[in-house]
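Peer 1: There's a structure below that I have some questions on.
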Amino acid sequence: MRPHWSLPLLALSLAGAIGCLALHAAWMLGRPGPFALAVALELGIFVAWIPAVALFVVRAKARFGSPFAPALVRSFFPTFFDGTPPWLRRAAIVSVAYAWLFLIARWAWQLKDLEETPPAPADPELTAVAFAFYVLSAAVLAGAGRERGPGPRAL
């Protein structure tokens, strides 16, 4: 049975992901969105991410007895994505790779820049990272209430 709090947070996570993707696309098209929207989306990550991490801790504790168990390291992804539909699990992994790509691009771009410019909330790498956090939160929250019993299993 799905907890009553998971659906609104799942909807918020998906809406945040869409907002970040829209800001990201706007920047890439040369039409940056409103700064206040970017800041709100960056801060909104915590509203979805903290419950997702708390749910992960509950799952890890139920399966391994502790969220710090050595066995958890070996089966991190199956525990993190417990009960998540496969398409959303793949979307979460792809979103993290996409954000990593933009972070590496920013780093490489600033290697030649003598006066480093600090990142702003509407920058493409930060909107990509925010997108990844929202999709990861949605992936964790989508599996709420569908956890499987203790024991290791393949991703």
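Labels for the structure tokens follow display order: chains A, B, ..., residues from 1 in each chain, ligands from 1.
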DSSP on the backbone, alpha helix (DSSP H) only: what residues of chain A does that give? Format it as an NGL selection string.
Peer 2: :A and (6-28 or 35-64 or 70-74 or 76-80 or 86-110 or 124-142)
Peer 1: Could you name the residues that touch Trp87 of chain A at 10 Å or less, counting only C-alpha atoms, but leaving out those on the same chain fewer than 4 positions away, as an NGL selection string?
Peer 2: :A and (91-92 or 139)
Peer 1: Quick check, in Å to one decimal: how far apart do atom CA of Ala130 of chain A and atom CA of Thr84 of chain A lie?
Peer 2: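 Distance between the two atoms: 19.9 Å.
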Peer 1: Counting only C-alpha atoms, which residue out of A:Ser95, A:Val140, A:Glu125, A:Leu88 sits closest to Leu23 of chain A?
Peer 2: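 Among the listed residues, the smallest separation from Leu23 of chain A belongs to A:Glu125.
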Peer 1: Which neighbours of Pro32 of chain A fall inside 12 Å, counting only C-alpha atoms, when residues of the same chain fewer than 6 positions from it are skipped, and could you give them as JSON, numbers by chain?
Peer 2: {"A": [20, 22, 23, 24, 25, 26, 38, 120, 121, 122, 123, 124, 127]}
Peer 1: Could you jot down the atom CA of Ile93 of chain A to atom CA of Phe64 of chain A separation for me, Å, one decimal place?
Peer 2: 23.5 Å
Peer 1: If I take atom CA of Leu10 of chain A and atom CA of Val73 of chain A, how far is one from the other in Å, to one decimal?
Peer 2: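 Distance between the two atoms: 25.6 Å.
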Peer 1: Write out as an mmCIF file with C-alpha atoms, in the first residue's frame each polymer residue whose atoms come within 8 Å of segment 45-52 of chain A, counting only C-alpha atoms; drop sequence neighbours fewer than 4 positions from it.
Peer 2:
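Wrote part34.cif, looks like this:
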```cif
data_model
loop_
_atom_site.group_PDB
_atom_site.id
_atom_site.type_symbol
_atom_site.label_atom_id
_atom_site.label_comp_id
_atom_site.auth_asym_id
_atom_site.auth_seq_id
_atom_site.Cartn_x
_atom_site.Cartn_y
_atom_site.Cartn_z
ATOM 1 C CA LEU A 9 5.864 14.459 -3.349
ATOM 2 C CA LEU A 10 6.141 12.328 -6.480
ATOM 3 C CA LEU A 12 6.223 17.710 -6.998
ATOM 4 C CA SER A 13 9.384 15.868 -8.041
ATOM 5 C CA GLY A 16 10.352 20.180 -10.550
ATOM 6 C CA LEU A 41 13.524 25.247 -8.399
ATOM 7 C CA PHE A 56 15.904 5.208 1.498
ATOM 8 C CA ALA A 130 18.606 20.020 -10.145
ATOM 9 C CA PHE A 133 17.906 15.424 -8.078
ATOM 10 C CA TYR A 134 14.224 15.743 -8.955
ATOM 11 C CA SER A 137 13.599 11.800 -5.860
ATOM 12 C CA ALA A 138 10.755 10.746 -8.152
ATOM 13 C CA VAL A 140 12.698 6.710 -4.960
ATOM 14 C CA LEU A 141 9.231 8.014 -4.129
#
```
Peer 1: Of the candidates A:Ala105, A:Gly19, A:Ala60, A:Pro67, which shows the shortest atom-to-atom distance to Pro34 of chain A, using only C-alpha atoms?
Peer 2: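 Closest to Pro34 of chain A of all the choices is A:Gly19.
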Peer 1: A:Ala11, A:Ala69, A:Ala142, A:Leu37: which is nearest Pro85 of chain A, counting only C-alpha atoms?
Peer 2: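 So, comparing all the options, the nearest one is A:Ala142.
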